[in-house]
Protein chains: 2
Amino acid sequence: MMRGQDHYRVISKERLSRLHEQELACFKARTGRSAMLLERGRNSMVKGVPMSWMHGLYRHPSLFVESGAGSTFRDVDGNRYIDFNVVDLAMTMGFSNPHINAAVCRAMDVGAHFLLPVAEAIDVTEELAGRTGVPYWQFTLSASGANTEVVRIARAMTGRNKVMVFDGHYHGHLDDTLVESAGGKVQPEGLGLPKGVELNAEIVPFNDLDAAEAVLRKGEIAVVITEPALSNCTLVKPDPGFLPGLYELAHRHDSLLCLDEAHNFSFAFGGLTRAWNLPCDFLVLGKGLGSGVSFALYGMSAPVAAFVDAHTAIDLGEPGIAAGGTTYASTVAVFAAKAALEDVLTPAAYQRLGELGLRLASGLQRIFDELELPWRALHLGPRSGYCMQPDEPRNGAQAHQSIDIDLIAARKLFMANRGIWDAMPTAGPQVSFVHTGDEVDLYLAQARDFLKAIRTG
Amino acid sequence: MMRGQDHYRVISKERLSRLHEQELACFKARTGRSAMLLERGRNSMVKGVPMSWMHGLYRHPSLFVESGAGSTFRDVDGNRYIDFNVVDLAMTMGFSNPHINAAVCRAMDVGAHFLLPVAEAIDVTEELAGRTGVPYWQFTLSASGANTEVVRIARAMTGRNKVMVFDGHYHGHLDDTLVESAGGKVQPEGLGLPKGVELNAEIVPFNDLDAAEAVLRKGEIAVVITEPALSNCTLVKPDPGFLPGLYELAHRHDSLLCLDEAHNFSFAFGGLTRAWNLPCDFLVLGKGLGSGVSFALYGMSAPVAAFVDAHTAIDLGEPGIAAGGTTYASTVAVFAAKAALEDVLTPAAYQRLGELGLRLASGLQRIFDELELPWRALHLGPRSGYCMQPDEPRNGAQAHQSIDIDLIAARKLFMANRGIWDAMPTAGPQVSFVHTGDEVDLYLAQARDFLKAIRTG
């Protein structure tokens, strides 16, 4: 992971470090009840929290939450926070959205799960087919699960083993894509992955068709997986023609292309696949259908669907594609998806979201300019971001130059103490369908105060 | 997979085949509206259903469900079915359980997810620690996800790669355990798994400590994963001393032991781990907390928890164990688990469940005896099963002799046409917390009619 330090010509390391300490003390002073719960939690949970990864997102003790409504949640000490990461896009429709709540409660009344379909599943998949142009759909429990099934289908269909991803990627918790590039070599990204996992993947730079072709040409790639715009290393947009070119190259070399819109689906009506009219073989959706209820879907082209149809395990007969699970496609998942698509994720809602996103990004750029920071406010739909360079990143390596965890951690603490939450260090602020213009302005005012406080001179 | 054919000395193949055809015609005649939905579904979903694996469970066209309540669901044609597989144990508390419904609706009001803990997570993990004796807990989205994290922790902790499982096992959808034994060799169980996946696992016969030690002695096993009683190949119970002996052997050879109670947790209060006072390093729970809302947990011993604590990824620092996910440990999961444990899964409820299970199993045995079938009704807690041999199976290979899919498919159809549902061919009938004695008797009456209809002579 490359990290540029150019920004320390305009940011004072000393002020940053002092500010972090002050803000941490302030944070601790106003979160005493959370601290007590955390202490109690340590007796029955690793790190005192129900998933230790939660702990690792922050450089301060974990909050415990009391409740949330709309864009805002309240901790057990009564502090309020407007969430500008919307739970890593799992809650883009806001906390306690009435449409989603009604749908989930109705699903519980109907029966949470049957291991048999309900008619509303057809409504959901027909709507997705119409909205995205990708014709056939299946449910899973998470985007990780959807990507897992995509890889398995692609392996079975192509007879090849490898997955190609881009530097800066994240596609969930499957072994195959939990890899990173280090000095041109693929290596496991975390501890505990199976021996030889690095042999299952190739990693190339985003926006580089030549590098992609050099790998594809070897004929080992079953499927290329990418977000249309990389959203897990700040924000990296594709050059015009890159994604159609990638599809064309993949097909020329008998590989398949999967667009992972687990995040991007919140960026535009019908996702970037529709907004940019992108060709693909698979389309993965997940948290971008963000109701907080866990489910995901993946779409397939007609040829892929025909292959899956012909290779579905029947009873205890011939082995089929290792797909499906007893908890997938529950009534809860289906009803939540239907309500999200029909009642919340409307063209008008995306229109309003886009306007708020522009207000956020252009406001951030104005602050950079005013404070004479030679930086660039990233922008795509509802998402913005801090690029601490004059030019937008074109790939993961460039994007990582703006991921300075010391600076990000201090910003998060500073903002948290002033009622703004932004969990994911590698994302960027994003507005949800329930944010208001005033809330965006509040974010901007605090971003300005923070940057002013750490600026040199 | 071995399949004995001994039972065709007492069952008529011809009658079975004729019965299957009659029952299929009858099934189709009364499910016209489901058939129309299935036809419409084919335009946007593989096999016409939201998860093609659903299709593969049956030899008849899929039903579409209208709703369920208690032990019973109704299809869109108005037919009613008492579910004796309780959605593969995902709905052991019944369809639309008022305690779970209230908890889930409350969770939606509070906010479905925050990527931060709520205090109720501590209540859940403290209760589980007290109930099972396993001290530290973490949430995931499914038992597959829990087993995935167990394997990763074990690999990181032992520095070894391989997982040991038992013939007849099922531990979910992770690559590493989707393997089976064929002629003594490990092979992938489905299509699309990564190249070399068979090198990550060893498979030995259940109840065979010598075979287990022969593998463990090689020093390659990170973790042994097993259900205390195998529940995915009918029902295989451990010999007295087998599981404590396995723990002792694993530890002698520096491996870890994971008990997967995704199913078994519904068999006894606190799971079989508590009921049989079993030692373990990991304990996996999932559908046995069966509310129909997707979540799972795994427990750890103190030494394992200390290792995880010391190897949790913090911010963007040193790589930690590849664990956690943005949708884990949601408010919905936590509230559903708390309601399940406090309001439904009480000692009194398990007591009642055990009595019903005994009624089911002893009733089935009486039928076998009356019809002079030299068979054995399997029994453990709420679970029964058809063993088409005089003696209970002691391992997966013996169990598979009773898995005759032609016979099972005909039984399922016969019963479905008479209002009894039993989805999973490899399980066995199981009573839920909401079944009644009368419903058990209804099941038994139909089992008797079915067996009488296909008996020779």
# chains A, B, ... in the order shown; residues from 1 in each chain; ligands from 1
>>> select_by_dssp(residues="stretch 32-192 of chain A", states="helix (DSSP H, G or I)", output="mmCIF file with C-alpha atoms, in the first residue's frame")
data_model
loop_
_atom_site.group_PDB
_atom_site.id
_atom_site.type_symbol
_atom_site.label_atom_id
_atom_site.label_comp_id
_atom_site.auth_asym_id
_atom_site.auth_seq_id
_atom_site.Cartn_x
_atom_site.Cartn_y
_atom_site.Cartn_z
ATOM 1 C CA GLY A 32 -18.808 7.168 29.937
ATOM 2 C CA ARG A 33 -21.823 4.882 29.625
ATOM 3 C CA SER A 34 -20.474 3.364 26.421
ATOM 4 C CA ALA A 35 -17.172 2.741 28.223
ATOM 5 C CA MET A 36 -18.984 0.918 31.023
ATOM 6 C CA LEU A 37 -20.835 -1.287 28.556
ATOM 7 C CA LEU A 38 -17.605 -1.976 26.709
ATOM 8 C CA GLU A 39 -16.010 -3.062 29.953
ATOM 9 C CA ARG A 40 -18.923 -5.402 30.652
ATOM 10 C CA GLY A 41 -18.826 -6.629 27.034
ATOM 11 C CA VAL A 46 -13.642 -10.330 21.897
ATOM 12 C CA LYS A 47 -12.744 -6.619 22.205
ATOM 13 C CA GLY A 48 -16.040 -6.146 24.056
ATOM 14 C CA SER A 52 -14.197 -7.531 16.619
ATOM 15 C CA TRP A 53 -13.866 -5.890 13.199
ATOM 16 C CA MET A 54 -16.140 -3.123 14.550
ATOM 17 C CA HIS A 55 -13.448 -2.355 17.098
ATOM 18 C CA GLY A 56 -10.762 -2.126 14.432
ATOM 19 C CA VAL A 86 -24.549 5.432 6.294
ATOM 20 C CA VAL A 87 -23.197 2.242 7.900
ATOM 21 C CA ASP A 88 -20.834 1.601 4.986
ATOM 22 C CA LEU A 89 -23.876 1.990 2.698
ATOM 23 C CA PRO A 98 -40.990 3.472 7.527
ATOM 24 C CA HIS A 99 -41.301 1.701 4.142
ATOM 25 C CA ILE A 100 -38.671 -0.881 5.028
ATOM 26 C CA ASN A 101 -39.943 -1.305 8.591
ATOM 27 C CA ALA A 102 -43.461 -1.966 7.353
ATOM 28 C CA ALA A 103 -42.204 -4.467 4.783
ATOM 29 C CA VAL A 104 -40.075 -6.367 7.298
ATOM 30 C CA CYS A 105 -42.846 -6.510 9.909
ATOM 31 C CA ARG A 106 -45.244 -7.730 7.203
ATOM 32 C CA ALA A 107 -42.693 -10.390 6.221
ATOM 33 C CA MET A 108 -42.463 -11.566 9.829
ATOM 34 C CA ASP A 109 -46.258 -11.800 9.945
ATOM 35 C CA VAL A 110 -46.363 -13.756 6.698
ATOM 36 C CA GLU A 120 -43.098 -11.092 -4.443
ATOM 37 C CA ALA A 121 -39.716 -12.590 -5.426
ATOM 38 C CA ILE A 122 -40.878 -12.379 -9.028
ATOM 39 C CA ASP A 123 -41.838 -8.719 -8.591
ATOM 40 C CA VAL A 124 -38.317 -8.002 -7.322
ATOM 41 C CA THR A 125 -36.445 -9.837 -10.054
ATOM 42 C CA GLU A 126 -38.686 -8.492 -12.829
ATOM 43 C CA GLU A 127 -38.104 -4.969 -11.525
ATOM 44 C CA LEU A 128 -34.332 -5.528 -11.375
ATOM 45 C CA ALA A 129 -34.281 -7.017 -14.861
ATOM 46 C CA GLY A 130 -36.171 -4.001 -16.188
ATOM 47 C CA ARG A 131 -34.145 -1.494 -14.221
ATOM 48 C CA THR A 132 -30.658 -2.827 -14.963
ATOM 49 C CA ALA A 143 -22.609 -9.526 -1.626
ATOM 50 C CA SER A 144 -19.749 -11.769 -0.444
ATOM 51 C CA GLY A 145 -22.055 -14.730 -1.013
ATOM 52 C CA ALA A 146 -23.130 -13.400 -4.399
ATOM 53 C CA ASN A 147 -19.530 -12.932 -5.527
ATOM 54 C CA THR A 148 -18.746 -16.435 -4.245
ATOM 55 C CA GLU A 149 -21.474 -17.928 -6.440
ATOM 56 C CA VAL A 150 -20.410 -15.790 -9.414
ATOM 57 C CA VAL A 151 -16.865 -17.153 -9.141
ATOM 58 C CA ARG A 152 -18.141 -20.725 -8.873
ATOM 59 C CA ILE A 153 -20.425 -20.380 -11.877
ATOM 60 C CA ALA A 154 -17.637 -18.757 -13.893
ATOM 61 C CA ARG A 155 -15.181 -21.506 -12.951
ATOM 62 C CA ALA A 156 -17.627 -24.220 -13.928
ATOM 63 C CA MET A 157 -18.538 -22.438 -17.177
ATOM 64 C CA THR A 158 -15.002 -21.632 -18.358
ATOM 65 C CA ASP A 175 -11.057 -16.322 0.096
ATOM 66 C CA ASP A 176 -10.439 -15.807 -3.612
ATOM 67 C CA THR A 177 -10.530 -12.005 -3.615
#
>>> residues_around(residues="stretch 368-379 of chain A", least_positions_apart="3", cutoff="10 Å", atoms="only C-alpha atoms", output="VMD selection string")
chain A and resid 7 9 to 11 234 to 237 357 to 358 360 to 365 382 to 393 402 428 to 430 447 to 448 451 to 452 455
>>> write_last_selection(atoms="N, CA and C atoms", output="short mmCIF file (atom, residue, chain, number, x, y, z; two decimals), in the first residue's frame")
data_model
loop_
_atom_site.label_atom_id
_atom_site.label_comp_id
_atom_site.auth_asym_id
_atom_site.auth_seq_id
_atom_site.Cartn_x
_atom_site.Cartn_y
_atom_site.Cartn_z
N HIS A 7 1.04 15.72 1.38
CA HIS A 7 0.10 16.62 2.04
C HIS A 7 0.68 17.22 3.31
N ARG A 9 3.13 19.01 3.40
CA ARG A 9 3.60 20.36 3.09
C ARG A 9 2.53 21.40 3.47
N VAL A 10 1.24 20.95 3.48
CA VAL A 10 0.16 21.90 3.81
C VAL A 10 -0.53 21.58 5.14
N ILE A 11 -0.25 20.38 5.68
CA ILE A 11 -0.84 19.97 6.96
C ILE A 11 0.29 19.87 7.99
N THR A 234 -11.09 5.25 -1.34
CA THR A 234 -11.69 6.54 -1.69
C THR A 234 -12.60 6.29 -2.90
N LEU A 235 -12.33 6.93 -4.02
CA LEU A 235 -13.23 6.80 -5.18
C LEU A 235 -12.39 6.89 -6.45
N VAL A 236 -12.45 5.86 -7.26
CA VAL A 236 -11.72 5.85 -8.53
C VAL A 236 -12.71 5.61 -9.66
N LYS A 237 -12.81 6.58 -10.55
CA LYS A 237 -13.77 6.46 -11.66
C LYS A 237 -13.10 5.86 -12.88
N GLY A 357 -25.46 15.23 -3.26
CA GLY A 357 -24.07 14.78 -3.43
C GLY A 357 -23.23 15.87 -4.08
N LEU A 358 -23.82 16.57 -5.02
CA LEU A 358 -23.12 17.68 -5.69
C LEU A 358 -22.85 18.80 -4.69
N LEU A 360 -22.43 18.47 -1.52
CA LEU A 360 -21.36 18.00 -0.64
C LEU A 360 -20.00 18.14 -1.31
N ALA A 361 -19.90 17.63 -2.53
CA ALA A 361 -18.59 17.61 -3.21
C ALA A 361 -18.15 19.02 -3.60
N SER A 362 -19.07 19.83 -4.10
CA SER A 362 -18.65 21.18 -4.52
C SER A 362 -18.33 22.02 -3.29
N GLY A 363 -19.04 21.77 -2.21
CA GLY A 363 -18.74 22.48 -0.96
C GLY A 363 -17.35 22.13 -0.45
N LEU A 364 -17.01 20.85 -0.54
CA LEU A 364 -15.70 20.40 -0.10
C LEU A 364 -14.60 21.03 -0.96
N GLN A 365 -14.86 21.08 -2.26
CA GLN A 365 -13.86 21.68 -3.17
C GLN A 365 -13.67 23.17 -2.84
N PRO A 382 -23.92 10.43 -4.98
CA PRO A 382 -24.02 10.84 -3.57
C PRO A 382 -22.68 10.86 -2.84
N ARG A 383 -21.63 10.35 -3.47
CA ARG A 383 -20.34 10.13 -2.82
C ARG A 383 -19.38 11.28 -3.08
N SER A 384 -18.68 11.68 -2.04
CA SER A 384 -17.56 12.60 -2.22
C SER A 384 -16.32 11.96 -1.63
N GLY A 385 -15.25 12.74 -1.47
CA GLY A 385 -14.03 12.16 -0.91
C GLY A 385 -12.91 13.18 -0.93
N TYR A 386 -11.92 12.90 -0.10
CA TYR A 386 -10.76 13.78 0.05
C TYR A 386 -9.60 13.22 -0.78
N CYS A 387 -9.30 13.85 -1.90
CA CYS A 387 -8.10 13.47 -2.65
C CYS A 387 -7.05 14.52 -2.37
N MET A 388 -5.98 14.11 -1.70
CA MET A 388 -4.99 15.09 -1.25
C MET A 388 -3.92 15.31 -2.32
N GLN A 389 -4.37 15.35 -3.56
CA GLN A 389 -3.54 15.61 -4.72
C GLN A 389 -4.37 16.52 -5.64
N PRO A 390 -3.73 17.21 -6.57
CA PRO A 390 -4.52 18.05 -7.48
C PRO A 390 -5.39 17.23 -8.44
N ASP A 391 -4.93 16.02 -8.79
CA ASP A 391 -5.66 15.23 -9.79
C ASP A 391 -6.33 14.01 -9.17
N GLU A 392 -7.48 13.69 -9.70
CA GLU A 392 -8.21 12.50 -9.23
C GLU A 392 -7.37 11.24 -9.46
N PRO A 393 -7.50 10.26 -8.56
CA PRO A 393 -6.78 8.99 -8.77
C PRO A 393 -7.38 8.22 -9.94
N SER A 402 -3.94 9.09 -0.83
CA SER A 402 -4.80 9.97 -0.02
C SER A 402 -5.33 9.27 1.23
N GLY A 428 -15.44 7.56 2.08
CA GLY A 428 -15.50 9.01 1.92
C GLY A 428 -16.89 9.39 2.33
N PRO A 429 -17.15 10.66 2.59
CA PRO A 429 -18.50 10.99 2.99
C PRO A 429 -19.49 10.69 1.86
N GLN A 430 -20.67 10.23 2.26
CA GLN A 430 -21.72 9.97 1.26
C GLN A 430 -23.05 10.36 1.87
N ALA A 447 -15.86 20.07 8.39
CA ALA A 447 -14.70 19.72 7.58
C ALA A 447 -13.78 20.94 7.48
N ARG A 448 -14.39 22.10 7.30
CA ARG A 448 -13.61 23.35 7.19
C ARG A 448 -12.88 23.63 8.51
N LEU A 451 -9.93 21.16 8.90
CA LEU A 451 -8.79 21.42 8.01
C LEU A 451 -8.08 22.71 8.41
N LYS A 452 -8.85 23.70 8.84
CA LYS A 452 -8.25 24.95 9.31
C LYS A 452 -7.35 24.70 10.52
N ARG A 455 -4.05 22.92 9.33
CA ARG A 455 -3.30 23.50 8.22
C ARG A 455 -2.03 24.14 8.74
#
>>> residues_around(residues="stretch 286-303 of chain B", least_positions_apart="6", cutoff="7 Å", atoms="only C-alpha atoms", output="PyMOL selection string")
(chain A and resi 112-113+327) or (chain B and resi 89-93+100+134-143+146+262-266+333+336-337+340)
>>> write_last_selection(atoms="C-alpha atoms", output="PDB file, in the first residue's frame")
ATOM      1  CA  ALA A 112     -39.870 -15.096   7.842  1.00  0.00           C
ATOM      2  CA  HIS A 113     -38.773 -18.007   5.687  1.00  0.00           C
ATOM      3  CA  THR A 327     -31.371 -19.065   4.632  1.00  0.00           C
TER       4      THR A 327
ATOM      5  CA  LEU B  89     -34.348 -26.016  11.224  1.00  0.00           C
ATOM      6  CA  ALA B  90     -34.384 -22.326  10.275  1.00  0.00           C
ATOM      7  CA  MET B  91     -37.897 -21.987  11.764  1.00  0.00           C
ATOM      8  CA  THR B  92     -37.846 -24.146  14.880  1.00  0.00           C
ATOM      9  CA  MET B  93     -39.863 -21.501  16.733  1.00  0.00           C
ATOM     10  CA  ILE B 100     -39.528 -13.069  17.400  1.00  0.00           C
ATOM     11  CA  VAL B 134     -18.133 -21.493  26.109  1.00  0.00           C
ATOM     12  CA  PRO B 135     -16.997 -18.064  27.313  1.00  0.00           C
ATOM     13  CA  TYR B 136     -16.465 -15.698  24.324  1.00  0.00           C
ATOM     14  CA  TRP B 137     -18.758 -15.040  21.367  1.00  0.00           C
ATOM     15  CA  GLN B 138     -18.876 -13.254  18.020  1.00  0.00           C
ATOM     16  CA  PHE B 139     -21.689 -12.757  15.501  1.00  0.00           C
ATOM     17  CA  THR B 140     -21.671 -13.590  11.799  1.00  0.00           C
ATOM     18  CA  LEU B 141     -24.415 -13.774   9.173  1.00  0.00           C
ATOM     19  CA  SER B 142     -24.690 -17.558   8.837  1.00  0.00           C
ATOM     20  CA  ALA B 143     -23.197 -20.751  10.215  1.00  0.00           C
ATOM     21  CA  ALA B 146     -19.042 -18.700  11.423  1.00  0.00           C
ATOM     22  CA  ALA B 262     -25.977 -25.018  13.675  1.00  0.00           C
ATOM     23  CA  HIS B 263     -28.572 -27.807  13.777  1.00  0.00           C
ATOM     24  CA  ASN B 264     -27.865 -29.564  17.046  1.00  0.00           C
ATOM     25  CA  PHE B 265     -28.558 -26.490  19.179  1.00  0.00           C
ATOM     26  CA  SER B 266     -32.241 -27.250  18.679  1.00  0.00           C
ATOM     27  CA  ALA B 333     -29.732 -10.192  14.607  1.00  0.00           C
ATOM     28  CA  ALA B 336     -33.864 -11.803  17.397  1.00  0.00           C
ATOM     29  CA  ALA B 337     -31.218 -13.819  19.258  1.00  0.00           C
ATOM     30  CA  ALA B 340     -35.123 -16.507  21.004  1.00  0.00           C
TER      31      ALA B 340
END
>>> residues_around(residues="A:Leu191", least_positions_apart="4", cutoff="6 Å", atoms="only C-alpha atoms", output="compact mmCIF listing (two decimals) with all heavy atoms, in the first residue's frame")
# COMPACT_ATOMS: atom_id res chain seq x y z
N ALA B 156 -4.56 -19.45 11.51
CA ALA B 156 -3.62 -18.44 12.00
C ALA B 156 -2.98 -18.89 13.31
O ALA B 156 -1.79 -18.69 13.55
CB ALA B 156 -4.34 -17.11 12.18
N GLY B 320 -4.80 -8.51 10.18
CA GLY B 320 -5.37 -9.33 11.25
C GLY B 320 -6.07 -10.52 10.63
O GLY B 320 -6.01 -10.74 9.41
N ILE B 321 -6.73 -11.29 11.46
CA ILE B 321 -7.50 -12.43 10.96
C ILE B 321 -8.59 -11.91 10.04
O ILE B 321 -9.27 -10.92 10.35
CB ILE B 321 -8.11 -13.22 12.13
CG1 ILE B 321 -7.01 -13.86 12.96
CG2 ILE B 321 -9.08 -14.29 11.64
CD1 ILE B 321 -7.42 -14.22 14.35
N ALA B 322 -8.77 -12.56 8.89
CA ALA B 322 -9.77 -12.14 7.90
C ALA B 322 -11.15 -12.49 8.45
O ALA B 322 -11.71 -13.54 8.15
CB ALA B 322 -9.50 -12.81 6.57
>>> residues_around(residues="stretch 195-203 of chain B", least_positions_apart="5", cutoff="6 Å", atoms="only C-alpha atoms", output="PyMOL selection string")
chain B and resi 162-167+186-187
>>> atom_distance(atom1="atom CA of B:Glu23", atom2="atom CA of B:Arg418")
10.1 Å
>>> closest_residue(among="B:Gly70, B:Gly133, B:Pro347, B:Gly190", to="chain A", atoms="only C-alpha atoms")
B:Gly190
>>> select_by_dssp(residues="stretch 86-145 of chain A", states="strand (DSSP E)", output="number ranges by chain")
A: 136-140
>>> closest_residue(among="A:Phe414, A:Tyr58, A:Tyr81, A:Tyr170", to="chain B", atoms="only C-alpha atoms")
A:Tyr58
>>> residues_around(residues="B:Gly381", least_positions_apart="3", cutoff="7 Å", atoms="only C-alpha atoms", output="PDB file with C-alpha atoms, in the first residue's frame")
ATOM      1  CA  PHE B 267     -31.757 -30.775  20.066  1.00  0.00           C
ATOM      2  CA  ALA B 268     -31.275 -29.897  23.757  1.00  0.00           C
ATOM      3  CA  GLY B 354     -38.177 -33.710  23.874  1.00  0.00           C
ATOM      4  CA  GLY B 357     -39.752 -35.974  19.748  1.00  0.00           C
TER       5      GLY B 357
END
>>> closest_residue(among="B:Leu230, B:Val332, B:Leu345, B:Cys280", to="chain A", atoms="only C-alpha atoms")
B:Val332
>>> residues_around(residues="B:Ile454", least_positions_apart="4", cutoff="8 Å", atoms="only C-alpha atoms", output="list in words")
Ile11, Ser12, Lys13, Arg15, Leu16, Leu19 and Phe450 of chain B
>>> write_last_selection(atoms="N, CA and C atoms", output="PDB file, in the first residue's frame")
ATOM      1  N   ILE B  11     -39.793 -53.609   0.506  1.00  0.00           N
ATOM      2  CA  ILE B  11     -40.502 -52.548  -0.223  1.00  0.00           C
ATOM      3  C   ILE B  11     -40.605 -52.967  -1.685  1.00  0.00           C
ATOM      4  N   SER B  12     -41.747 -52.726  -2.296  1.00  0.00           N
ATOM      5  CA  SER B  12     -41.916 -53.067  -3.709  1.00  0.00           C
ATOM      6  C   SER B  12     -41.527 -51.886  -4.579  1.00  0.00           C
ATOM      7  N   LYS B  13     -40.504 -52.099  -5.415  1.00  0.00           N
ATOM      8  CA  LYS B  13     -40.049 -51.050  -6.323  1.00  0.00           C
ATOM      9  C   LYS B  13     -41.160 -50.628  -7.258  1.00  0.00           C
ATOM     10  N   ARG B  15     -44.507 -50.868  -6.817  1.00  0.00           N
ATOM     11  CA  ARG B  15     -45.528 -50.072  -6.119  1.00  0.00           C
ATOM     12  C   ARG B  15     -45.029 -48.655  -5.843  1.00  0.00           C
ATOM     13  N   LEU B  16     -43.759 -48.563  -5.470  1.00  0.00           N
ATOM     14  CA  LEU B  16     -43.169 -47.256  -5.164  1.00  0.00           C
ATOM     15  C   LEU B  16     -43.223 -46.355  -6.388  1.00  0.00           C
ATOM     16  N   LEU B  19     -46.811 -45.416  -7.246  1.00  0.00           N
ATOM     17  CA  LEU B  19     -47.292 -44.446  -6.260  1.00  0.00           C
ATOM     18  C   LEU B  19     -46.738 -43.052  -6.557  1.00  0.00           C
ATOM     19  N   PHE B 450     -48.266 -44.593   4.000  1.00  0.00           N
ATOM     20  CA  PHE B 450     -47.271 -44.630   2.928  1.00  0.00           C
ATOM     21  C   PHE B 450     -46.522 -45.962   2.924  1.00  0.00           C
TER      22      PHE B 450
END
>>> closest_residue(among="B:Thr312, B:Ser71, B:Asn277, B:Gln5", to="chain A", atoms="only C-alpha atoms")
B:Thr312
>>> closest_residue(among="B:Ala29, B:Leu444, B:Val65, B:Leu24", to="chain A", atoms="only C-alpha atoms")
B:Val65
>>> atom_distance(atom1="atom CA of B:Phe64", atom2="atom CA of B:Val76")
5.9 Å
>>> atom_distance(atom1="atom CA of A:Gly172", atom2="atom CA of B:Val308")
20.0 Å
